[in-house]
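**Q** Structure supplied as start-v7.json; contents: JSON, C-alpha atoms and all ligand atoms.
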[["chain", "number", "residue", "atom", "x", "y", "z"],
["A", 1, "MET", "CA", 237.78, 61.21, 15.81],
["A", 2, "ASP", "CA", 241.46, 62.15, 16.23],
["A", 3, "GLY", "CA", 242.43, 65.86, 15.97],
["A", 4, "PHE", "CA", 241.68, 68.43, 13.27],
["A", 5, "PRO", "CA", 241.66, 67.67, 9.53],
["A", 6, "ASN", "CA", 244.30, 69.02, 7.17],
["A", 7, "THR", "CA", 242.75, 69.56, 3.75],
["A", 8, "LYS", "CA", 245.80, 70.22, 1.58],
["A", 9, "TYR", "CA", 246.22, 66.53, 0.61],
["A", 10, "ARG", "CA", 244.36, 65.15, -2.41],
["A", 11, "THR", "CA", 244.46, 61.40, -1.81],
["A", 12, "ILE", "CA", 244.67, 61.15, 2.01],
["A", 13, "GLU", "CA", 243.41, 63.09, 5.02],
["A", 14, "THR", "CA", 245.56, 63.92, 8.05],
["A", 15, "ARG", "CA", 244.43, 64.93, 11.55],
["A", 16, "ARG", "CA", 246.93, 66.12, 14.14],
["A", 17, "ILE", "CA", 246.73, 64.40, 17.54],
["A", 18, "ALA", "CA", 248.95, 66.87, 19.42],
["A", 19, "GLY", "CA", 250.53, 70.30, 18.97],
["A", 20, "SER", "CA", 254.12, 69.13, 18.49],
["A", 21, "LEU", "CA", 253.94, 66.02, 16.33],
["A", 22, "GLY", "CA", 251.77, 63.10, 15.26],
["A", 23, "ALA", "CA", 248.85, 62.79, 12.85],
["A", 24, "VAL", "CA", 246.33, 60.12, 11.99],
["A", 25, "VAL", "CA", 246.17, 59.46, 8.24],
["A", 26, "SER", "CA", 242.90, 58.20, 6.76],
["A", 27, "GLY", "CA", 241.71, 57.23, 3.30],
["A", 28, "VAL", "CA", 244.42, 54.59, 2.80],
["A", 29, "ASN", "CA", 244.24, 50.79, 2.77],
["A", 30, "LEU", "CA", 247.80, 49.59, 3.39],
["A", 31, "ALA", "CA", 246.81, 45.99, 2.69],
["A", 32, "GLU", "CA", 246.57, 46.90, -1.03],
["A", 33, "PRO", "CA", 249.37, 48.07, -3.35],
["A", 34, "LEU", "CA", 249.53, 51.90, -3.28],
["A", 35, "THR", "CA", 249.80, 54.34, -6.18],
["A", 36, "ASP", "CA", 252.75, 56.72, -6.54],
["A", 37, "ASP", "CA", 250.45, 59.68, -5.73],
["A", 38, "VAL", "CA", 249.35, 58.15, -2.43],
["A", 39, "LEU", "CA", 252.92, 57.18, -1.54],
["A", 40, "ALA", "CA", 254.14, 60.73, -2.26],
["A", 41, "GLU", "CA", 251.48, 62.17, 0.05],
["A", 42, "ILE", "CA", 252.29, 59.65, 2.80],
["A", 43, "ARG", "CA", 255.95, 60.70, 2.50],
["A", 44, "LEU", "CA", 254.96, 64.35, 2.85],
["A", 45, "ALA", "CA", 252.69, 63.55, 5.81],
["A", 46, "LEU", "CA", 255.59, 61.77, 7.53],
["A", 47, "LEU", "CA", 258.01, 64.65, 6.97],
["A", 48, "GLU", "CA", 255.45, 67.17, 8.24],
["A", 49, "ASN", "CA", 254.13, 65.23, 11.23],
["A", 50, "LEU", "CA", 257.22, 63.09, 12.13],
["A", 51, "VAL", "CA", 255.00, 60.18, 13.16],
["A", 52, "ILE", "CA", 251.84, 59.11, 11.35],
["A", 53, "PHE", "CA", 249.19, 56.62, 12.37],
["A", 54, "PHE", "CA", 246.74, 54.52, 10.36],
["A", 55, "ARG", "CA", 243.70, 52.82, 11.93],
["A", 56, "ASN", "CA", 242.05, 49.48, 11.06],
["A", 57, "GLN", "CA", 244.75, 48.08, 8.79],
["A", 58, "ASP", "CA", 244.53, 44.39, 7.91],
["A", 59, "MET", "CA", 248.25, 43.68, 7.79],
["A", 60, "THR", "CA", 250.25, 40.48, 7.41],
["A", 61, "PRO", "CA", 254.06, 40.34, 7.58],
["A", 62, "GLU", "CA", 254.14, 40.31, 3.74],
["A", 63, "ARG", "CA", 251.93, 43.42, 3.49],
["A", 64, "LEU", "CA", 253.94, 45.21, 6.16],
["A", 65, "LEU", "CA", 257.16, 44.47, 4.28],
["A", 66, "ARG", "CA", 255.67, 45.55, 0.95],
["A", 67, "PHE", "CA", 254.69, 48.92, 2.46],
["A", 68, "ALA", "CA", 258.05, 49.32, 4.25],
["A", 69, "ARG", "CA", 260.13, 48.60, 1.12],
["A", 70, "HIS", "CA", 258.78, 51.77, -0.52],
["A", 71, "TRP", "CA", 261.10, 53.64, 1.88],
["A", 72, "GLY", "CA", 264.25, 51.57, 1.48],
["A", 73, "ASP", "CA", 265.94, 48.34, 2.49],
["A", 74, "ILE", "CA", 264.88, 46.58, 5.66],
["A", 75, "HIS", "CA", 267.23, 46.90, 8.64],
["A", 76, "LEU", "CA", 267.67, 43.57, 10.47],
["A", 77, "HIS", "CA", 267.90, 43.84, 14.26],
["A", 78, "PRO", "CA", 271.37, 42.62, 15.30],
["A", 79, "TYR", "CA", 270.32, 41.46, 18.79],
["A", 80, "MET", "CA", 266.70, 40.30, 18.50],
["A", 81, "ALA", "CA", 265.38, 37.32, 16.49],
["A", 82, "GLY", "CA", 262.82, 38.04, 13.77],
["A", 83, "MET", "CA", 259.72, 35.91, 13.09],
["A", 84, "PRO", "CA", 260.66, 32.36, 11.97],
["A", 85, "ASP", "CA", 259.16, 32.79, 8.45],
["A", 86, "HIS", "CA", 259.91, 36.53, 8.21],
["A", 87, "PRO", "CA", 263.29, 37.36, 9.76],
["A", 88, "GLU", "CA", 262.86, 41.04, 8.76],
["A", 89, "VAL", "CA", 259.78, 41.36, 11.01],
["A", 90, "LEU", "CA", 260.19, 41.49, 14.79],
["A", 91, "GLU", "CA", 257.28, 40.29, 16.87],
["A", 92, "LEU", "CA", 257.29, 42.43, 20.00],
["A", 93, "ALA", "CA", 255.36, 40.33, 22.46],
["A", 94, "LYS", "CA", 254.81, 41.17, 26.09],
["A", 95, "LYS", "CA", 252.90, 38.47, 27.93],
["A", 96, "ALA", "CA", 251.58, 37.97, 31.47],
["A", 97, "GLY", "CA", 254.62, 37.34, 33.67],
["A", 98, "ASP", "CA", 257.05, 39.38, 31.54],
["A", 99, "LYS", "CA", 258.63, 41.98, 33.80],
["A", 100, "ARG", "CA", 259.83, 44.28, 31.05],
["A", 101, "ASN", "CA", 258.63, 45.42, 27.66],
["A", 102, "PHE", "CA", 260.69, 46.03, 24.55],
["A", 103, "GLY", "CA", 261.37, 49.74, 23.95],
["A", 104, "GLY", "CA", 260.38, 50.86, 27.45],
["A", 105, "ASP", "CA", 262.76, 53.83, 27.57],
["A", 106, "TRP", "CA", 263.19, 56.97, 25.45],
["A", 107, "HIS", "CA", 265.19, 56.02, 22.36],
["A", 108, "THR", "CA", 265.47, 56.25, 18.61],
["A", 109, "ASP", "CA", 265.81, 52.97, 16.77],
["A", 110, "GLN", "CA", 269.16, 51.29, 16.21],
["A", 111, "MET", "CA", 271.18, 54.35, 17.09],
["A", 112, "PHE", "CA", 273.93, 51.91, 18.07],
["A", 113, "ALA", "CA", 274.41, 50.99, 14.38],
["A", 114, "PRO", "CA", 276.71, 52.95, 12.03],
["A", 115, "ARG", "CA", 273.61, 53.58, 9.84],
["A", 116, "PRO", "CA", 270.68, 53.75, 12.26],
["A", 117, "ALA", "CA", 267.11, 53.06, 11.12],
["A", 118, "MET", "CA", 265.54, 55.83, 9.03],
["A", 119, "GLY", "CA", 262.02, 54.84, 10.01],
["A", 120, "THR", "CA", 260.04, 52.22, 11.86],
["A", 121, "MET", "CA", 256.64, 50.71, 11.18],
["A", 122, "LEU", "CA", 254.77, 49.13, 14.06],
["A", 123, "TRP", "CA", 251.46, 47.29, 13.61],
["A", 124, "ALA", "CA", 249.25, 46.30, 16.54],
["A", 125, "LYS", "CA", 248.10, 42.66, 16.46],
["A", 126, "GLN", "CA", 246.85, 42.46, 20.05],
["A", 127, "VAL", "CA", 246.65, 45.28, 22.60],
["A", 128, "PRO", "CA", 245.51, 45.50, 26.22],
["A", 129, "ASP", "CA", 242.05, 46.97, 26.93],
["A", 130, "ALA", "CA", 243.80, 49.86, 28.67],
["A", 131, "GLY", "CA", 247.47, 50.82, 28.68],
["A", 132, "GLY", "CA", 250.35, 50.00, 26.35],
["A", 133, "ASP", "CA", 250.32, 53.44, 24.69],
["A", 134, "THR", "CA", 253.44, 54.79, 22.97],
["A", 135, "LEU", "CA", 254.89, 58.27, 23.53],
["A", 136, "PHE", "CA", 256.77, 60.14, 20.77],
["A", 137, "SER", "CA", 258.91, 63.25, 21.07],
["A", 138, "ASN", "CA", 259.83, 65.89, 18.46],
["A", 139, "GLN", "CA", 263.61, 66.33, 18.44],
["A", 140, "TYR", "CA", 263.60, 69.34, 16.09],
["A", 141, "LEU", "CA", 261.73, 71.21, 18.83],
["A", 142, "ALA", "CA", 264.05, 69.83, 21.51],
["A", 143, "TYR", "CA", 267.05, 71.23, 19.61],
["A", 144, "GLU", "CA", 265.41, 74.58, 18.82],
["A", 145, "ALA", "CA", 264.46, 75.10, 22.51],
["A", 146, "LEU", "CA", 268.13, 74.96, 23.63],
["A", 147, "SER", "CA", 269.98, 78.22, 24.31],
["A", 148, "ASP", "CA", 272.44, 79.50, 21.69],
["A", 149, "GLY", "CA", 275.27, 78.72, 24.13],
["A", 150, "MET", "CA", 274.20, 75.09, 24.51],
["A", 151, "LYS", "CA", 273.71, 74.74, 20.76],
["A", 152, "ARG", "CA", 277.30, 76.00, 20.25],
["A", 153, "LEU", "CA", 278.67, 73.74, 22.99],
["A", 154, "ILE", "CA", 277.20, 70.52, 21.57],
["A", 155, "SER", "CA", 277.57, 71.31, 17.88],
["A", 156, "GLY", "CA", 280.84, 69.41, 17.38],
["A", 157, "ILE", "CA", 280.33, 66.63, 19.93],
["A", 158, "ARG", "CA", 279.61, 63.02, 19.04],
["A", 159, "GLY", "CA", 277.76, 60.61, 21.30],
["A", 160, "MET", "CA", 279.22, 57.12, 21.55],
["A", 161, "CYS", "CA", 276.29, 54.75, 21.06],
["A", 162, "VAL", "CA", 276.28, 51.21, 22.42],
["A", 163, "GLY", "CA", 273.60, 48.60, 21.70],
["A", 164, "ASP", "CA", 274.28, 45.76, 24.07],
["A", 165, "ARG", "CA", 275.27, 47.85, 27.05],
["A", 166, "LYS", "CA", 275.78, 46.25, 30.46],
["A", 167, "LYS", "CA", 273.17, 47.02, 33.12],
["A", 168, "GLY", "CA", 273.97, 45.87, 36.67],
["A", 169, "GLY", "CA", 276.67, 43.53, 35.35],
["A", 170, "ALA", "CA", 274.49, 41.80, 32.71],
["A", 171, "THR", "CA", 274.29, 42.69, 29.03],
["A", 172, "ARG", "CA", 271.03, 44.13, 27.70],
["A", 173, "ALA", "CA", 270.55, 40.99, 25.59],
["A", 174, "ALA", "CA", 270.90, 38.80, 28.70],
["A", 175, "VAL", "CA", 268.47, 41.02, 30.64],
["A", 176, "ASN", "CA", 266.00, 40.82, 27.73],
["A", 177, "ALA", "CA", 266.33, 37.04, 27.54],
["A", 178, "ALA", "CA", 265.55, 36.75, 31.26],
["A", 179, "THR", "CA", 262.67, 39.24, 31.47],
["A", 180, "ILE", "CA", 260.73, 39.32, 28.18],
["A", 181, "SER", "CA", 259.33, 36.58, 25.95],
["A", 182, "MET", "CA", 261.42, 37.47, 22.91],
["A", 183, "LYS", "CA", 264.41, 35.57, 21.56],
["A", 184, "THR", "CA", 267.79, 37.25, 21.39],
["A", 185, "ILE", "CA", 270.48, 36.38, 18.83],
["A", 186, "GLU", "CA", 274.24, 36.85, 18.57],
["A", 187, "PRO", "CA", 275.08, 40.03, 16.60],
["A", 188, "PRO", "CA", 276.88, 39.60, 13.25],
["A", 189, "PRO", "CA", 280.69, 39.56, 13.66],
["A", 190, "ASP", "CA", 281.09, 42.89, 11.80],
["A", 191, "MET", "CA", 278.70, 44.72, 14.16],
["A", 192, "PRO", "CA", 280.80, 47.46, 15.84],
["A", 193, "LYS", "CA", 280.57, 47.62, 19.65],
["A", 194, "VAL", "CA", 280.32, 51.43, 19.57],
["A", 195, "SER", "CA", 278.99, 53.82, 16.90],
["A", 196, "PRO", "CA", 279.76, 57.55, 17.18],
["A", 197, "HIS", "CA", 276.98, 59.92, 16.05],
["A", 198, "PRO", "CA", 276.65, 63.73, 16.26],
["A", 199, "LEU", "CA", 274.52, 65.03, 19.14],
["A", 200, "VAL", "CA", 273.00, 67.45, 16.64],
["A", 201, "ARG", "CA", 272.05, 65.86, 13.34],
["A", 202, "THR", "CA", 270.72, 67.35, 10.12],
["A", 203, "HIS", "CA", 267.72, 65.68, 8.54],
["A", 204, "PRO", "CA", 268.76, 64.57, 5.02],
["A", 205, "GLU", "CA", 265.33, 65.41, 3.52],
["A", 206, "THR", "CA", 264.13, 68.52, 5.42],
["A", 207, "GLY", "CA", 267.57, 70.03, 6.16],
["A", 208, "ARG", "CA", 266.42, 70.81, 9.74],
["A", 209, "LYS", "CA", 268.63, 70.20, 12.78],
["A", 210, "SER", "CA", 267.50, 67.99, 15.64],
["A", 211, "LEU", "CA", 268.84, 66.70, 18.92],
["A", 212, "TYR", "CA", 270.11, 63.11, 18.68],
["A", 213, "ILE", "CA", 270.37, 61.82, 22.23],
["A", 214, "GLY", "CA", 268.58, 58.46, 22.58],
["A", 215, "GLY", "CA", 269.13, 56.06, 25.45],
["A", 216, "HIS", "CA", 271.93, 54.33, 23.54],
["A", 217, "VAL", "CA", 274.34, 57.27, 24.04],
["A", 218, "HIS", "CA", 276.75, 55.81, 26.58],
["A", 219, "TYR", "CA", 279.41, 58.51, 26.76],
["A", 220, "LEU", "CA", 280.75, 61.43, 24.70],
["A", 221, "GLU", "CA", 283.69, 61.11, 22.31],
["A", 222, "ALA", "CA", 287.11, 61.73, 23.91],
["A", 223, "MET", "CA", 285.57, 62.06, 27.40],
["A", 224, "THR", "CA", 285.21, 59.65, 30.31],
["A", 225, "GLU", "CA", 281.80, 58.29, 31.31],
["A", 226, "GLU", "CA", 281.89, 60.43, 34.47],
["A", 227, "GLU", "CA", 282.71, 63.61, 32.52],
["A", 228, "SER", "CA", 279.99, 62.87, 29.95],
["A", 229, "ALA", "CA", 277.19, 61.92, 32.33],
["A", 230, "PRO", "CA", 275.91, 65.40, 33.38],
["A", 231, "LEU", "CA", 275.60, 66.68, 29.80],
["A", 232, "ILE", "CA", 274.05, 63.44, 28.53],
["A", 233, "GLN", "CA", 271.60, 63.43, 31.42],
["A", 234, "TYR", "CA", 270.64, 67.08, 30.88],
["A", 235, "LEU", "CA", 270.02, 66.63, 27.15],
["A", 236, "TYR", "CA", 268.20, 63.32, 27.62],
["A", 237, "GLN", "CA", 265.80, 64.85, 30.19],
["A", 238, "HIS", "CA", 265.34, 67.94, 28.03],
["A", 239, "SER", "CA", 264.50, 65.82, 24.96],
["A", 240, "GLN", "CA", 261.50, 64.28, 26.78],
["A", 241, "ARG", "CA", 259.78, 67.50, 27.86],
["A", 242, "PRO", "CA", 255.98, 67.04, 27.69],
["A", 243, "GLU", "CA", 255.49, 69.93, 25.26],
["A", 244, "PHE", "CA", 257.62, 68.09, 22.66],
["A", 245, "THR", "CA", 255.52, 64.90, 22.85],
["A", 246, "CYS", "CA", 252.38, 63.13, 21.74],
["A", 247, "ARG", "CA", 250.80, 59.94, 23.05],
["A", 248, "PHE", "CA", 249.20, 57.29, 20.84],
["A", 249, "ARG", "CA", 246.45, 54.95, 22.02],
["A", 250, "TRP", "CA", 246.63, 51.69, 20.08],
["A", 251, "GLU", "CA", 243.72, 49.62, 18.79],
["A", 252, "PRO", "CA", 244.09, 46.24, 17.07],
["A", 253, "GLY", "CA", 244.98, 47.04, 13.44],
["A", 254, "SER", "CA", 246.61, 50.43, 14.18],
["A", 255, "LEU", "CA", 249.89, 51.06, 12.37],
["A", 256, "ALA", "CA", 252.42, 53.74, 13.32],
["A", 257, "PHE", "CA", 255.21, 54.92, 11.01],
["A", 258, "TRP", "CA", 257.80, 57.19, 12.61],
["A", 259, "ASP", "CA", 260.89, 59.03, 11.43],
["A", 260, "ASN", "CA", 263.81, 58.01, 13.66],
["A", 261, "ARG", "CA", 265.94, 60.87, 12.30],
["A", 262, "CYS", "CA", 263.99, 63.51, 14.26],
["A", 263, "THR", "CA", 261.95, 61.71, 16.94],
["A", 264, "MET", "CA", 262.30, 59.51, 19.99],
["A", 265, "HIS", "CA", 259.71, 57.14, 21.38],
["A", 266, "PHE", "CA", 258.85, 55.26, 24.57],
["A", 267, "ALA", "CA", 256.61, 52.18, 24.95],
["A", 268, "ILE", "CA", 254.74, 52.48, 28.26],
["A", 269, "ASN", "CA", 254.77, 49.34, 30.41],
["A", 270, "ASP", "CA", 251.53, 49.82, 32.38],
["A", 271, "TYR", "CA", 249.57, 46.62, 31.69],
["A", 272, "PRO", "CA", 251.29, 43.96, 33.85],
["A", 273, "PRO", "CA", 248.87, 41.00, 33.53],
["A", 274, "ASP", "CA", 247.88, 41.69, 29.91],
["A", 275, "THR", "CA", 249.33, 40.70, 26.55],
["A", 276, "ARG", "CA", 250.43, 43.12, 23.83],
["A", 277, "VAL", "CA", 251.70, 41.80, 20.47],
["A", 278, "MET", "CA", 253.08, 44.10, 17.78],
["A", 279, "HIS", "CA", 254.86, 43.52, 14.44],
["A", 280, "ARG", "CA", 257.77, 45.84, 13.75],
["A", 281, "VAL", "CA", 259.85, 46.57, 10.66],
["A", 282, "THR", "CA", 262.73, 49.05, 10.56],
["A", 283, "ILE", "CA", 264.00, 50.72, 7.40],
["A", 284, "ARG", "CA", 267.70, 51.25, 6.85],
["A", 285, "GLY", "CA", 268.88, 54.85, 7.12],
["A", 286, "ASP", "CA", 271.95, 56.93, 6.24],
["A", 287, "GLU", "CA", 274.97, 57.75, 8.34],
["A", 288, "PRO", "CA", 273.88, 60.73, 10.49],
["A", 289, "PHE", "CA", 275.65, 64.05, 9.80],
["B", 1, "LIG", "C1", 259.83, 50.16, 19.92],
["B", 1, "LIG", "O1", 260.60, 50.75, 20.65],
["B", 1, "LIG", "O2", 260.07, 49.97, 18.75],
["B", 1, "LIG", "C2", 258.54, 49.63, 20.49],
["B", 1, "LIG", "C3", 257.49, 50.68, 20.61],
["B", 1, "LIG", "C4", 256.20, 50.10, 21.13],
["B", 1, "LIG", "O3", 256.10, 48.88, 21.31],
["B", 1, "LIG", "O4", 255.27, 50.86, 21.36]]
Could you quickly redo this structure as structure tokens?
Ligand code: SIN
**A**
Amino acid sequence: MDGFPNTKYRTIETRRIAGSLGAVVSGVNLAEPLTDDVLAEIRLALLENLVIFFRNQDMTPERLLRFARHWGDIHLHPYMAGMPDHPEVLELAKKAGDKRNFGGDWHTDQMFAPRPAMGTMLWAKQVPDAGGDTLFSNQYLAYEALSDGMKRLISGIRGMCVGDRKKGGATRAAVNAATISMKTIEPPPDMPKVSPHPLVRTHPETGRKSLYIGGHVHYLEAMTEEESAPLIQYLYQHSQRPEFTCRFRWEPGSLAFWDNRCTMHFAINDYPPDTRVMHRVTIRGDEPF
């Protein structure tokens, strides 16, 4: 059993898995169409817990997309190829021999896009017997824990976010192509190389402020990379503090739904000879403010 039950919901039950964020939702079969009442409670559970988890869900790409579309349009990944019959669904596959995994650093999804993903749904098709957990971090708490001086300092600053950033001379897409069994694609011609986003963003539904400092922040607006690095590094380390996080242990059929507007996540790469296969859908978000 995960956590402690929350009894205020009528159609679902939620149990927190950590003090800062994350709850397992039960009483829902996502393979079936859902009523408006259930959807409204899932929305509330997401806003309250920032990331919610469902166990034993019999999902197909069509069912995953049907559930995701309740939250908005699907956001296509500009650099990674979707499944041949379902381009909106990414199959994240890490197989024996792959050196890297997808999402193995602290980030929030598609922060490099002018309208980053509002939310992400990830369904576990195959998981290792041990390992392959995902960490999540509450960025409201990360912002609130900063001093007043730091909050003032960063309030007007925008981070310049880059998707296909060079690492050791090679682009991220080229590194991915060489080290993980997932196909990369050329981004659409209108995809900007850099997207500026505020370091402190306001959640459009809760009105709360959070830190917005994923691994895609390359430098700060109107500063050089060298000038930006110490502040970016400080905020990035701060955003990952253990007391802001939870850790989710996957089982086949588990589904996670997280709010990218106030969380970060990290897929742990600790299962070298094993295979992990996940299906991921991201939902289009607003321009951060
Ligand atoms: C991701 O960053 O979307 C992948 C997370 C995971 O595979 O656990």
**Q** What is the distance, in Å and to one decimal place, between atom CA of A:Glu287 and atom CA of A:Lys209?
**A**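 The value is 14.7 Å.
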**Q** Counting all atoms listed in the file, figure out which residue out of A:Leu153, A:Phe136, A:Leu30, A:Pro189 gets nearest to A:Arg241.
**A**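 Of the candidates, the smallest distance to A:Arg241 is held by A:Phe136.
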**Q** Return as a PyMOL selection string every polymer residue, whether protein, DNA or RNA, with at least one atom no more than 10 Å from an atom of ligand LIG 1 (chain B); count all atoms listed in the file.
**A** chain A and resi 90-94+101-110+120-124+132-136+248-250+256+258+264-269+276-282
**Q** At a cut-off of 7 Å around the point (277.2, 60.8, 16.6) (file coordinates), what residues fall inside when counting only C-alpha atoms? I'd like the answer as a list in words.
**A**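 Counting only C-alpha atoms, I find these residues within 7 Å of (277.2, 60.8, 16.6): Arg158, Gly159, Met160, Pro196, His197, Pro198, Leu199 and Pro288 of chain A.
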**Q** What separation in Å, quoted to one decimal, exists between atom CA of A:Asp73 and atom CA of A:Arg284?
**A**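 Interatomic distance, atom CA of A:Asp73 to atom CA of A:Arg284: 5.5 Å.
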**Q** Neighbouring residues of stretch 47-52 of chain A were defined as those with any atom within 8 Å, considering all atoms listed in the file; residues of the same chain fewer than 6 positions away were excluded. Please report them as a PyMOL selection string.
**A** chain A and resi 16+21-25+136+138+206+256-259+262-263
**Q** If I take atom CA of A:Gly19 and atom CA of A:Phe244, how far is one from the other in Å, to one decimal?
**A** 8.3 Å
**Q** Between A:Ala45, A:Met223, A:Met150, A:Val217, which has the minimum distance to A:Gly163 (counting all atoms listed in the file)?
**A** A:Val217
**Q** Using all atoms listed in the file, which residue out of A:Gly215, A:Pro187, A:Pro33, A:Gly119 lies closest to A:Gly285?
**A** A:Gly119
**Q** Could you check the closest approach to A:His75 for each of A:Leu235, A:Met118, A:Ala96, A:Ala40 and tell me which residue wins, using all atoms listed in the file?
**A** A:Met118
**Q** Within 8 Å of stretch 79-85 of chain A, counting only C-alpha atoms, which residues qualify if same-chain residues fewer than 4 places away don't, as a ChimeraX atom specification?
**A** /A:89-91,164,173,182-187
